[in-house]
file structure_11.txt (compact mmCIF, C-alpha atoms (C1' of nucleotides))
# COMPACT_ATOMS: atom_id res chain seq x y z
CA MET C 1121 81.51 99.00 101.45
CA PRO C 1122 84.19 98.90 104.03
CA GLU C 1123 85.00 102.35 105.39
CA LEU C 1124 86.76 103.22 108.63
CA PRO C 1125 84.28 101.55 111.03
CA GLU C 1126 84.18 98.33 109.01
CA VAL C 1127 87.93 98.12 108.54
CA HIS C 1128 88.43 99.03 112.18
CA THR C 1129 86.09 96.24 113.29
CA THR C 1130 87.81 93.75 111.03
CA ALA C 1131 91.33 94.68 112.11
CA GLN C 1132 90.41 94.77 115.78
CA ASN C 1133 88.72 91.38 115.67
CA LEU C 1134 91.57 89.83 113.72
CA ASN C 1135 94.08 91.28 116.16
CA LYS C 1136 92.41 89.25 118.88
CA ILE C 1137 92.81 86.05 116.87
CA LEU C 1138 95.79 86.07 114.54
CA PRO C 1139 98.86 87.15 116.54
CA GLY C 1140 101.10 84.16 117.18
CA LEU C 1141 99.60 82.05 114.41
CA LYS C 1142 101.95 80.73 111.76
CA ILE C 1143 101.01 80.93 108.09
CA LYS C 1144 101.27 77.43 106.67
CA ASP C 1145 100.09 78.05 103.12
CA VAL C 1146 98.57 80.64 100.80
CA TRP C 1147 96.17 79.97 97.95
CA SER C 1148 94.72 82.33 95.37
CA ASP C 1149 92.87 82.29 92.05
CA TYR C 1150 93.41 85.98 91.89
CA PHE C 1151 96.91 86.61 90.65
CA SER C 1152 96.15 89.81 88.82
CA ASP C 1153 95.33 91.58 92.02
CA LEU C 1154 98.18 90.58 94.27
CA TYR C 1155 100.98 93.06 94.58
CA GLU C 1156 104.49 92.96 95.86
CA GLY C 1157 105.60 96.37 96.95
CA LYS C 1158 104.87 98.66 94.04
CA GLN C 1159 105.00 95.77 91.64
CA GLN C 1160 101.66 94.49 90.54
CA VAL C 1161 101.66 90.75 90.65
CA LYS C 1162 100.33 89.82 87.27
CA ASN C 1163 101.15 86.18 87.12
CA LYS C 1164 101.93 83.07 89.01
CA LYS C 1165 105.60 83.89 89.27
CA TYR C 1166 104.92 86.92 91.43
CA PHE C 1167 102.35 85.01 93.38
CA GLN C 1168 105.00 82.40 94.17
CA ARG C 1169 107.23 85.19 95.46
CA PHE C 1170 104.41 86.61 97.55
CA LYS C 1171 103.86 83.12 98.89
CA LYS C 1172 107.52 82.73 99.73
CA ASP C 1173 107.46 85.98 101.71
CA VAL C 1174 104.47 84.92 103.70
CA VAL C 1175 104.60 81.19 104.29
CA GLY C 1176 106.33 80.23 107.50
CA ALA C 1177 105.97 83.66 109.07
CA LYS C 1178 104.02 84.31 112.20
CA VAL C 1179 101.51 87.11 112.56
CA LYS C 1180 102.73 89.78 114.96
CA ARG C 1181 99.71 92.04 115.01
CA VAL C 1182 96.89 93.36 112.87
CA LEU C 1183 96.19 97.05 112.58
CA ARG C 1184 94.31 99.54 110.46
CA ARG C 1185 95.46 102.63 108.61
CA ALA C 1186 92.78 104.51 106.66
CA LYS C 1187 90.77 101.78 104.95
CA ASN C 1188 93.66 99.31 104.87
CA VAL C 1189 94.12 96.25 107.04
CA LEU C 1190 97.79 95.74 107.82
CA ILE C 1191 98.98 92.32 108.93
CA GLU C 1192 102.46 92.60 110.40
CA LEU C 1193 104.52 89.46 110.18
CA SER C 1194 107.43 88.23 112.27
CA ASN C 1195 109.80 88.29 109.28
CA GLY C 1196 109.79 92.03 108.73
CA LYS C 1197 107.08 91.97 106.08
CA THR C 1198 103.59 93.41 106.23
CA ILE C 1199 100.59 92.31 104.21
CA LEU C 1200 98.35 95.20 103.17
CA ILE C 1201 94.74 94.48 102.28
CA HIS C 1202 92.41 97.13 100.90
CA MET C 1203 88.93 95.66 100.65
CA LYS C 1204 87.65 98.35 98.27
CA MET C 1205 83.92 97.84 97.80
CA THR C 1206 82.90 94.27 98.27
CA GLY C 1207 85.92 92.66 99.89
CA HIS C 1208 85.82 91.35 103.42
CA LEU C 1209 88.00 89.11 105.53
CA LEU C 1210 86.69 85.99 107.23
CA TYR C 1211 88.29 83.64 109.70
CA GLY C 1212 87.34 80.04 110.34
CA ARG C 1213 87.87 76.44 109.35
CA TYR C 1214 87.84 76.16 105.56
CA LEU C 1215 88.25 73.31 103.10
CA LEU C 1216 89.43 73.45 99.48
CA ARG C 1217 87.14 71.49 97.25
CA LYS C 1218 87.31 70.70 93.56
CA ASN C 1219 84.09 70.31 91.62
CA SER C 1220 82.55 71.38 94.81
CA PRO C 1221 78.93 71.12 95.81
CA LYS C 1222 76.86 74.16 95.07
CA VAL C 1223 77.25 77.06 97.43
CA GLY C 1224 74.59 79.69 97.14
CA LYS C 1225 73.99 80.37 93.48
CA ILE C 1226 77.23 79.05 92.09
CA PRO C 1227 76.34 77.38 88.78
CA GLU C 1228 75.98 73.62 88.60
CA ASN C 1229 78.75 73.32 86.06
CA TRP C 1230 81.19 75.07 88.36
CA ASN C 1231 84.35 73.05 88.19
CA LYS C 1232 86.97 75.26 89.74
CA GLU C 1233 88.58 74.97 93.09
CA ILE C 1234 86.48 76.55 95.76
CA TRP C 1235 86.87 77.14 99.46
CA ILE C 1236 83.94 76.32 101.67
CA PRO C 1237 83.52 76.59 105.43
CA ASP C 1238 84.00 73.34 107.31
CA GLU C 1239 81.21 74.41 109.60
CA SER C 1240 77.57 73.62 110.07
CA LYS C 1241 75.29 75.28 107.54
CA GLU C 1242 74.04 77.43 110.40
CA SER C 1243 77.38 79.22 110.55
CA PRO C 1244 77.29 82.81 109.29
CA LEU C 1245 80.33 81.88 107.21
CA TRP C 1246 77.84 80.21 104.84
CA ASP C 1247 76.16 83.57 104.13
CA PRO C 1248 75.99 83.74 100.31
CA TYR C 1249 77.87 87.04 100.39
CA ASN C 1250 80.83 85.16 101.87
CA ARG C 1251 81.26 82.69 99.04
CA PHE C 1252 83.50 84.67 96.65
CA ILE C 1253 86.80 83.59 98.08
CA HIS C 1254 89.85 84.64 96.10
CA ILE C 1255 92.70 84.31 98.54
CA THR C 1256 93.23 82.20 101.63
CA PHE C 1257 95.90 82.12 104.32
CA SER C 1258 95.95 78.77 106.12
CA PHE C 1259 97.38 78.73 109.62
CA SER C 1260 99.09 75.95 111.47
CA ASN C 1261 96.13 75.68 113.85
CA GLY C 1262 93.96 74.47 110.96
CA GLU C 1263 91.99 77.70 110.62
CA SER C 1264 92.15 80.11 107.68
CA LEU C 1265 91.89 83.80 106.95
CA VAL C 1266 90.05 84.24 103.65
CA LEU C 1267 89.16 87.21 101.47
CA SER C 1268 85.71 87.11 99.92
CA ASP C 1269 85.28 89.71 97.19
CA VAL C 1270 82.57 89.43 94.59
CA ARG C 1271 83.73 92.33 92.43
CA LYS C 1272 87.42 91.52 92.71
CA PHE C 1273 88.44 95.11 93.38
CA ALA C 1274 90.32 94.32 96.57
CA LYS C 1275 94.04 94.88 96.70
CA VAL C 1276 96.48 92.58 98.46
CA ALA C 1277 100.10 93.63 98.62
CA ILE C 1278 103.25 92.88 100.55
CA PHE C 1279 105.82 95.39 101.79
CA ASP C 1280 108.83 95.55 104.01
CA SER C 1281 107.30 96.66 107.29
CA ASP C 1282 109.80 99.46 107.80
CA LYS C 1283 109.17 100.87 104.33
CA ILE C 1284 105.44 100.45 104.02
CA PHE C 1285 104.68 104.11 104.74
CA GLU C 1286 106.92 105.17 101.87
CA PHE C 1287 104.60 103.71 99.26
CA ASN C 1288 101.67 105.58 97.81
CA ASP C 1289 99.09 103.40 99.49
CA LEU C 1290 99.93 104.97 102.84
CA LYS C 1291 102.36 107.81 102.18
CA LYS C 1292 99.89 110.54 101.40
CA ILE C 1293 97.05 109.40 103.65
CA GLY C 1294 95.61 112.10 105.89
CA PRO C 1295 95.18 111.96 109.66
CA GLU C 1296 93.03 109.43 111.46
CA PRO C 1297 89.77 111.12 112.41
CA LEU C 1298 89.24 109.14 115.61
CA GLU C 1299 92.70 109.77 117.05
CA GLU C 1300 92.37 111.63 120.33
CA SER C 1301 95.02 114.02 119.08
CA PHE C 1302 92.99 114.94 116.00
CA LYS C 1303 91.42 118.19 117.15
CA PHE C 1304 89.16 120.68 115.41
CA LEU C 1305 92.03 122.93 114.37
CA ASN C 1306 93.75 120.02 112.61
CA PHE C 1307 90.46 119.18 110.93
CA LYS C 1308 89.95 122.76 109.80
CA ARG C 1309 93.47 123.00 108.46
CA GLN C 1310 93.02 119.73 106.57
CA VAL C 1311 89.70 120.50 104.88
CA LEU C 1312 90.80 124.01 103.99
CA LYS C 1313 93.53 122.48 101.86
CA LYS C 1314 90.68 122.14 99.34
CA PRO C 1315 88.86 125.45 99.81
CA ASN C 1316 86.97 125.08 96.56
CA GLY C 1317 86.23 121.43 97.08
CA LYS C 1318 82.69 120.33 97.82
CA ILE C 1319 82.42 119.28 101.43
CA LYS C 1320 81.31 115.72 100.72
CA GLN C 1321 84.14 115.19 98.28
CA VAL C 1322 86.66 116.67 100.72
CA LEU C 1323 85.47 114.51 103.62
CA MET C 1324 85.95 111.46 101.39
CA ASP C 1325 89.39 112.53 100.18
CA GLN C 1326 91.81 110.11 101.83
CA GLU C 1327 94.63 112.65 101.67
CA ILE C 1328 92.57 115.10 103.72
CA ILE C 1329 91.09 112.69 106.28
CA ALA C 1330 91.55 108.94 106.38
CA GLY C 1331 88.77 106.40 106.23
CA ILE C 1332 85.55 108.20 105.31
CA GLY C 1333 83.60 106.96 102.29
CA ASN C 1334 80.21 107.47 100.73
CA ILE C 1335 77.99 106.09 103.47
CA TYR C 1336 79.50 107.92 106.41
CA SER C 1337 79.94 111.22 104.59
CA ASP C 1338 76.23 111.21 103.70
CA GLU C 1339 75.32 110.47 107.31
CA ILE C 1340 77.64 113.12 108.77
CA LEU C 1341 76.27 115.85 106.51
CA TRP C 1342 72.67 114.84 107.15
CA LEU C 1343 73.28 115.08 110.88
CA VAL C 1344 74.73 118.57 110.79
CA GLY C 1345 72.39 119.87 108.08
CA VAL C 1346 74.97 120.82 105.49
CA HIS C 1347 74.37 120.35 101.77
CA PRO C 1348 77.01 118.02 100.27
CA VAL C 1349 78.05 120.37 97.46
CA SER C 1350 78.80 123.32 99.72
CA PRO C 1351 82.35 124.52 99.02
CA VAL C 1352 84.50 124.19 102.13
CA SER C 1353 85.57 127.84 102.12
CA LYS C 1354 81.95 129.01 102.26
CA ILE C 1355 81.11 127.01 105.36
CA PRO C 1356 81.37 129.11 108.55
CA SER C 1357 83.87 127.94 111.10
CA GLU C 1358 81.23 127.11 113.69
CA VAL C 1359 79.52 124.85 111.17
CA LEU C 1360 82.83 123.17 110.34
CA LYS C 1361 83.14 122.53 114.06
CA LYS C 1362 79.76 120.79 113.99
CA ILE C 1363 80.88 118.69 111.04
CA PHE C 1364 84.03 117.76 112.93
CA LEU C 1365 82.05 116.64 115.99
CA ALA C 1366 79.47 114.79 113.87
CA MET C 1367 82.28 113.01 112.04
CA LYS C 1368 83.66 111.58 115.28
CA LYS C 1369 80.17 110.73 116.51
CA VAL C 1370 78.98 108.99 113.33
CA LEU C 1371 82.19 106.99 112.87
CA LYS C 1372 82.06 105.83 116.50
CA LYS C 1373 78.43 104.88 116.03
CA GLY C 1374 79.44 102.83 112.99
CA ILE C 1375 81.97 100.97 115.09
CA ASP C 1376 79.48 100.46 117.92
CA PHE C 1377 77.08 98.82 115.48
CA GLY C 1378 79.77 96.52 114.14
CA GLY C 1379 79.95 98.33 110.79
CA ASP C 1380 77.59 98.65 107.87
CA SER C 1381 76.36 95.63 105.93
CA THR C 1382 74.22 97.42 103.35
CA SER C 1383 76.34 95.60 100.84
CA ASP C 1384 78.78 92.74 101.27
CA TYR C 1385 80.59 93.69 104.43
CA ARG C 1386 80.72 91.02 107.14
CA THR C 1387 82.73 90.77 110.35
CA PRO C 1388 85.47 88.09 110.40
CA ASP C 1389 83.04 85.56 111.88
CA GLY C 1390 80.76 86.12 108.88
CA LYS C 1391 78.12 88.16 110.68
CA ARG C 1392 76.48 91.35 109.54
CA GLY C 1393 77.04 94.68 111.19
CA SER C 1394 73.91 96.71 111.81
CA PHE C 1395 74.69 100.34 111.00
CA GLN C 1396 72.57 99.97 107.84
CA TYR C 1397 69.46 99.96 110.05
CA HIS C 1398 70.37 103.42 111.32
CA HIS C 1399 70.86 105.30 108.04
CA ARG C 1400 69.19 108.66 107.80
CA ALA C 1401 70.30 109.57 104.30
CA TYR C 1402 72.40 106.93 102.55
CA GLN C 1403 70.20 104.95 100.14
CA LYS C 1404 67.06 106.48 101.61
CA THR C 1405 66.11 108.17 98.34
CA GLY C 1406 62.43 109.18 98.35
CA SER C 1407 61.94 108.55 102.07
CA ASP C 1408 60.68 111.23 104.42
CA CYS C 1409 63.53 112.93 106.22
CA SER C 1410 63.66 111.59 109.76
CA LYS C 1411 64.97 114.75 111.35
CA PRO C 1412 62.42 115.94 113.92
CA LYS C 1413 60.14 118.65 112.53
CA CYS C 1414 61.72 118.41 109.07
CA GLU C 1415 59.22 117.75 106.32
CA GLY C 1416 61.70 117.14 103.54
CA LYS C 1417 62.46 114.03 101.57
CA ILE C 1418 65.78 112.42 100.85
CA SER C 1419 67.05 113.10 97.34
CA LYS C 1420 69.89 111.62 95.41
CA ILE C 1421 72.26 113.44 93.09
CA LYS C 1422 75.42 112.46 91.29
CA ILE C 1423 78.48 114.44 92.14
CA PHE C 1424 81.91 113.50 90.88
CA GLY C 1425 80.52 110.21 89.65
CA ARG C 1426 79.29 109.19 93.09
CA SER C 1427 75.81 109.28 94.50
CA ALA C 1428 75.10 111.68 97.33
CA HIS C 1429 71.97 111.33 99.46
CA PHE C 1430 70.68 114.29 101.41
CA CYS C 1431 67.63 116.23 102.53
CA ALA C 1432 67.35 119.42 100.51
CA THR C 1433 65.03 120.89 103.12
CA HIS C 1434 67.19 120.93 106.22
CA GLN C 1435 70.67 120.49 104.70
CA LYS C 1436 71.75 124.05 104.02
CA LEU C 1437 73.73 124.95 100.94
CA PHE C 1438 76.50 127.39 101.79
CA SER C 1439 77.64 129.18 98.67
C1' DA K 1212 97.98 121.87 89.65
C1' DC K 1213 93.60 120.94 89.00
C1' DT K 1214 89.25 118.16 87.79
C1' DA K 1215 86.01 115.39 85.27
C1' DG K 1216 85.41 111.04 83.70
C1' DC K 1217 86.65 106.32 82.55
C1' DC K 1218 87.95 101.84 84.17
C1' DC K 1219 88.21 97.64 86.86
C1' DC K 1220 84.22 93.82 88.11
C1' DT K 1221 79.85 91.03 88.56
C1' DG K 1222 75.50 89.95 91.31
C1' DG K 1223 71.14 91.70 91.96
C1' DG K 1224 67.18 94.15 90.84
C1' DA K 1225 64.06 96.35 87.57
C1' DG K 1226 61.69 96.21 83.39
C1' DC K 1227 59.72 93.89 79.60
C1' DT R 506 60.27 82.33 83.36
C1' DG R 507 64.03 84.35 81.24
C1' DC R 508 66.25 87.81 78.93
C1' DT R 509 68.59 92.47 78.84
C1' DC R 510 70.05 96.51 80.89
C1' DC R 511 71.64 99.26 84.47
C1' DC R 512 73.46 100.12 89.00
C1' DA R 513 76.65 99.90 93.08
C1' DG R 514 81.63 102.61 93.75
C1' DG R 515 87.29 103.18 95.93
C1' DG R 516 90.87 104.56 93.96
C1' DG R 517 94.18 104.54 89.97
C1' DC R 518 94.71 106.57 85.89
C1' DT R 519 94.38 109.72 81.82
C1' DA R 520 92.90 113.51 79.04
C1' DG R 521 91.83 118.16 78.99
call {"tool": "encode", "arguments": {"input": "structure_11.txt", "output": "structure tokens"}}
result
Amino acid sequence: MPELPEVHTTAQNLNKILPGLKIKDVWSDYFSDLYEGKQQVKNKKYFQRFKKDVVGAKVKRVLRRAKNVLIELSNGKTILIHMKMTGHLLYGRYLLRKNSPKVGKIPENWNKEIWIPDESKESPLWDPYNRFIHITFSFSNGESLVLSDVRKFAKVAIFDSDKIFEFNDLKKIGPEPLEESFKFLNFKRQVLKKPNGKIKQVLMDQEIIAGIGNIYSDEILWLVGVHPVSPVSKIPSEVLKKIFLAMKKVLKKGIDFGGDSTSDYRTPDGKRGSFQYHHRAYQKTGSDCSKPKCEGKISKIKIFGRSAHFCATHQKLFS
DNA sequence: ACTAGCCCCTGGGAGC
DNA sequence: TGCTCCCAGGGGCTAG
């Protein structure tokens, strides 16, 4: 699922490609999940308005804030895309087909419109995980930006660029963990806003720190040897410092590996990232702990409706 | 103000 | 082989 490193990789790659390109058309089969400002776009009428705001504009730049991709347009509007769990953005030459040939496991009786890559079957864009395309932006150069999202949780919205930080999506988001200016004291102040909160939950709280989700929080806590349910206020300051440093390290590592493709995430050229091959805790339930000299095993528990993976042997519970 | 829990969604994997 | 059931979970929302 796209967290900071995945969204960062996507936004950075797109920022090398999209600026200067003019949006020629927008297509979607996904009206219920398009938004215009605060207004949820529930029908075609709103989609037409979204389309009107977008078509004809040029892309100025693409950036990331928390787990959102922001596409700034030349007309004072910004498209916000939150990929949630299974969404990912792809860029390439795409064709709209009706009664299309089968792609992956799409049923034979499929008779809807479908976008398929106009590329050789060797192209990573043909990866079966890339076939759930629910919105496309076609550019005047003949290429398209498409959102593939099997579970349809992704959010696409449009805002006035100068007001975008006034809306809830971005208003209350905490600081960016990889900013040079984000120092330990800021981190400490942030997490201590939830003194009774469990450390894993607090790390994942977007209002405390932006961009960390389930995978990276598991990996950070494994690395520093802190049990995920430890309340923040019980963790000694020097251990919080270790968490802070591990957070920067693990997130950077995620970026270096091109993100995590445990699930559906792909880079805009359709390729997998490789952080999933370096997990120590996330989805390693039952495996031997890989920390040197540790003889524990990775367990899984549910906290706050999410799974947490950790080694009960070397991850210390502060309480 | 807080938190626990439901909801959205659907492919894939496990079990029979 | 094919059916059913359960799981993945970010973030919005509601009930307590």
call {"tool": "closest_residue", "arguments": {"input": "structure_11.txt", "among": "C:Ser1427, C:Ile1375, C:Asp1173, C:Ser1350", "to": "Thr1387 (chain C)", "atoms": "all atoms listed in the file"}}
result
C:Ile1375
call {"tool": "atom_distance", "arguments": {"input": "structure_11.txt", "atom1": "C1' of DC512 (chain R)", "atom2": "CA of Lys1373 (chain C)"}}
result
27.9 Å
call {"tool": "atom_distance", "arguments": {"input": "structure_11.txt", "atom1": "CA of Arg1386 (chain C)", "atom2": "CA of Leu1215 (chain C)"}}
result
19.7 Å
call {"tool": "atom_distance", "arguments": {"input": "structure_11.txt", "atom1": "CA of Gly1331 (chain C)", "atom2": "CA of Glu1296 (chain C)"}}
result
7.4 Å
call {"tool": "closest_residue", "arguments": {"input": "structure_11.txt", "among": "C:Phe1252, C:Tyr1397, C:Phe1377, C:Phe1424", "to": "Gln1321 (chain C)", "atoms": "only C-alpha atoms"}}
result
C:Phe1424
call {"tool": "residues_around", "arguments": {"input": "structure_11.txt", "residues": "Leu1290 (chain C)", "least_positions_apart": "2", "cutoff": "10 Å", "atoms": "all atoms listed in the file", "output": "ChimeraX atom specification"}}
result
/C:1185-1188,1200,1284-1288,1292-1294,1326-1327,1330
call {"tool": "write_last_selection", "arguments": {"input": "structure_11.txt", "atoms": "C-alpha atoms", "output": "CSV table (one decimal), in the frame of the given file"}}
result
chain,number,residue,atom,x,y,z
C,1185,ARG,CA,95.5,102.6,108.6
C,1186,ALA,CA,92.8,104.5,106.7
C,1187,LYS,CA,90.8,101.8,105.0
C,1188,ASN,CA,93.7,99.3,104.9
C,1200,LEU,CA,98.4,95.2,103.2
C,1284,ILE,CA,105.4,100.4,104.0
C,1285,PHE,CA,104.7,104.1,104.7
C,1286,GLU,CA,106.9,105.2,101.9
C,1287,PHE,CA,104.6,103.7,99.3
C,1288,ASN,CA,101.7,105.6,97.8
C,1292,LYS,CA,99.9,110.5,101.4
C,1293,ILE,CA,97.0,109.4,103.6
C,1294,GLY,CA,95.6,112.1,105.9
C,1326,GLN,CA,91.8,110.1,101.8
C,1327,GLU,CA,94.6,112.6,101.7
C,1330,ALA,CA,91.6,108.9,106.4
call {"tool": "decode", "arguments": {"input": "structure_11.txt", "residues": "region 1213-1226 of chain K", "atoms": "N, CA, C and O atoms (P, O5', C5', C4', C3', O3' and C1' of nucleotides)", "output": "PDB file, in the first residue's frame"}}
result
ATOM      1  P    DC K1213      -8.082  14.771  22.764  1.00  0.00           P
ATOM      2  O5'  DC K1213      -8.573  13.255  22.719  1.00  0.00           O
ATOM      3  C5'  DC K1213      -8.302  12.423  23.835  1.00  0.00           C
ATOM      4  C4'  DC K1213      -9.271  11.262  23.864  1.00  0.00           C
ATOM      5  C3'  DC K1213      -9.023  10.205  22.793  1.00  0.00           C
ATOM      6  O3'  DC K1213      -8.013   9.293  23.218  1.00  0.00           O
ATOM      7  C1'  DC K1213     -11.360  10.541  23.287  1.00  0.00           C
ATOM      8  P    DT K1214      -7.352   8.368  22.180  1.00  0.00           P
ATOM      9  O5'  DT K1214      -8.243   7.060  22.175  1.00  0.00           O
ATOM     10  C5'  DT K1214      -8.914   6.641  23.365  1.00  0.00           C
ATOM     11  C4'  DT K1214      -9.938   5.599  22.960  1.00  0.00           C
ATOM     12  C3'  DT K1214      -9.470   4.666  21.846  1.00  0.00           C
ATOM     13  O3'  DT K1214      -9.923   3.354  22.108  1.00  0.00           O
ATOM     14  C1'  DT K1214     -11.466   5.672  21.203  1.00  0.00           C
ATOM     15  P    DA K1215      -9.050   2.123  21.791  1.00  0.00           P
ATOM     16  O5'  DA K1215     -10.141   0.999  21.539  1.00  0.00           O
ATOM     17  C5'  DA K1215     -11.316   0.960  22.335  1.00  0.00           C
ATOM     18  C4'  DA K1215     -12.516   0.588  21.468  1.00  0.00           C
ATOM     19  C3'  DA K1215     -12.229  -0.495  20.424  1.00  0.00           C
ATOM     20  O3'  DA K1215     -13.288  -1.432  20.507  1.00  0.00           O
ATOM     21  C1'  DA K1215     -13.168   1.392  19.366  1.00  0.00           C
ATOM     22  P    DG K1216     -13.237  -2.789  19.708  1.00  0.00           P
ATOM     23  O5'  DG K1216     -14.157  -2.464  18.451  1.00  0.00           O
ATOM     24  C5'  DG K1216     -15.480  -1.998  18.668  1.00  0.00           C
ATOM     25  C4'  DG K1216     -16.083  -1.587  17.343  1.00  0.00           C
ATOM     26  C3'  DG K1216     -15.763  -2.550  16.193  1.00  0.00           C
ATOM     27  O3'  DG K1216     -16.953  -2.742  15.451  1.00  0.00           O
ATOM     28  C1'  DG K1216     -15.242  -0.354  15.573  1.00  0.00           C
ATOM     29  P    DC K1217     -17.126  -4.022  14.544  1.00  0.00           P
ATOM     30  O5'  DC K1217     -17.956  -3.393  13.340  1.00  0.00           O
ATOM     31  C5'  DC K1217     -19.041  -2.506  13.605  1.00  0.00           C
ATOM     32  C4'  DC K1217     -19.163  -1.515  12.474  1.00  0.00           C
ATOM     33  C3'  DC K1217     -19.127  -2.160  11.083  1.00  0.00           C
ATOM     34  O3'  DC K1217     -20.291  -1.767  10.381  1.00  0.00           O
ATOM     35  C1'  DC K1217     -17.661  -0.294  11.186  1.00  0.00           C
ATOM     36  P    DC K1218     -20.719  -2.543   9.095  1.00  0.00           P
ATOM     37  O5'  DC K1218     -20.147  -1.602   7.954  1.00  0.00           O
ATOM     38  C5'  DC K1218     -20.613  -0.257   7.853  1.00  0.00           C
ATOM     39  C4'  DC K1218     -19.762   0.457   6.841  1.00  0.00           C
ATOM     40  C3'  DC K1218     -19.514  -0.348   5.559  1.00  0.00           C
ATOM     41  O3'  DC K1218     -20.298   0.200   4.517  1.00  0.00           O
ATOM     42  C1'  DC K1218     -17.525   0.762   6.358  1.00  0.00           C
ATOM     43  P    DC K1219     -20.635  -0.700   3.297  1.00  0.00           P
ATOM     44  O5'  DC K1219     -19.600  -0.150   2.220  1.00  0.00           O
ATOM     45  C5'  DC K1219     -19.570   1.232   1.895  1.00  0.00           C
ATOM     46  C4'  DC K1219     -18.246   1.556   1.272  1.00  0.00           C
ATOM     47  C3'  DC K1219     -17.816   0.542   0.213  1.00  0.00           C
ATOM     48  O3'  DC K1219     -18.219   1.004  -1.059  1.00  0.00           O
ATOM     49  C1'  DC K1219     -15.985   1.244   1.635  1.00  0.00           C
ATOM     50  P    DC K1220     -18.879  -0.041  -2.056  1.00  0.00           P
ATOM     51  O5'  DC K1220     -17.598  -0.859  -2.507  1.00  0.00           O
ATOM     52  C5'  DC K1220     -16.546  -0.193  -3.207  1.00  0.00           C
ATOM     53  C4'  DC K1220     -15.387  -1.147  -3.310  1.00  0.00           C
ATOM     54  C3'  DC K1220     -15.745  -2.520  -3.866  1.00  0.00           C
ATOM     55  O3'  DC K1220     -15.551  -2.477  -5.262  1.00  0.00           O
ATOM     56  C1'  DC K1220     -14.170  -2.649  -2.061  1.00  0.00           C
ATOM     57  P    DT K1221     -16.181  -3.588  -6.170  1.00  0.00           P
ATOM     58  O5'  DT K1221     -15.035  -4.693  -6.147  1.00  0.00           O
ATOM     59  C5'  DT K1221     -13.747  -4.381  -6.653  1.00  0.00           C
ATOM     60  C4'  DT K1221     -12.819  -5.521  -6.307  1.00  0.00           C
ATOM     61  C3'  DT K1221     -13.312  -6.890  -6.794  1.00  0.00           C
ATOM     62  O3'  DT K1221     -12.187  -7.560  -7.296  1.00  0.00           O
ATOM     63  C1'  DT K1221     -12.759  -7.000  -4.535  1.00  0.00           C
ATOM     64  P    DG K1222     -12.314  -8.532  -8.538  1.00  0.00           P
ATOM     65  O5'  DG K1222     -10.849  -9.145  -8.543  1.00  0.00           O
ATOM     66  C5'  DG K1222      -9.734  -8.254  -8.519  1.00  0.00           C
ATOM     67  C4'  DG K1222      -8.596  -8.901  -7.757  1.00  0.00           C
ATOM     68  C3'  DG K1222      -8.279 -10.323  -8.195  1.00  0.00           C
ATOM     69  O3'  DG K1222      -6.866 -10.444  -8.139  1.00  0.00           O
ATOM     70  C1'  DG K1222      -8.912 -10.323  -5.903  1.00  0.00           C
ATOM     71  P    DG K1223      -6.145 -11.748  -8.674  1.00  0.00           P
ATOM     72  O5'  DG K1223      -5.749 -12.467  -7.318  1.00  0.00           O
ATOM     73  C5'  DG K1223      -4.952 -11.762  -6.384  1.00  0.00           C
ATOM     74  C4'  DG K1223      -4.817 -12.592  -5.122  1.00  0.00           C
ATOM     75  C3'  DG K1223      -4.502 -14.069  -5.373  1.00  0.00           C
ATOM     76  O3'  DG K1223      -3.517 -14.437  -4.425  1.00  0.00           O
ATOM     77  C1'  DG K1223      -6.430 -13.905  -4.039  1.00  0.00           C
ATOM     78  P    DG K1224      -2.588 -15.692  -4.743  1.00  0.00           P
ATOM     79  O5'  DG K1224      -2.711 -16.524  -3.391  1.00  0.00           O
ATOM     80  C5'  DG K1224      -2.639 -15.851  -2.140  1.00  0.00           C
ATOM     81  C4'  DG K1224      -3.452 -16.621  -1.117  1.00  0.00           C
ATOM     82  C3'  DG K1224      -3.256 -18.136  -1.172  1.00  0.00           C
ATOM     83  O3'  DG K1224      -2.836 -18.562   0.114  1.00  0.00           O
ATOM     84  C1'  DG K1224      -5.567 -17.578  -1.095  1.00  0.00           C
ATOM     85  P    DA K1225      -2.379 -20.104   0.374  1.00  0.00           P
ATOM     86  O5'  DA K1225      -3.511 -20.588   1.380  1.00  0.00           O
ATOM     87  C5'  DA K1225      -3.891 -19.756   2.479  1.00  0.00           C
ATOM     88  C4'  DA K1225      -5.130 -20.336   3.126  1.00  0.00           C
ATOM     89  C3'  DA K1225      -5.081 -21.859   3.287  1.00  0.00           C
ATOM     90  O3'  DA K1225      -5.526 -22.184   4.593  1.00  0.00           O
ATOM     91  C1'  DA K1225      -7.016 -21.227   2.052  1.00  0.00           C
ATOM     92  P    DG K1226      -5.365 -23.690   5.146  1.00  0.00           P
ATOM     93  O5'  DG K1226      -6.848 -24.256   5.009  1.00  0.00           O
ATOM     94  C5'  DG K1226      -7.925 -23.538   5.616  1.00  0.00           C
ATOM     95  C4'  DG K1226      -9.235 -24.148   5.165  1.00  0.00           C
ATOM     96  C3'  DG K1226      -9.241 -25.677   5.151  1.00  0.00           C
ATOM     97  O3'  DG K1226     -10.358 -26.143   5.901  1.00  0.00           O
ATOM     98  C1'  DG K1226     -10.031 -24.829   3.087  1.00  0.00           C
TER      99       DG K1226
END
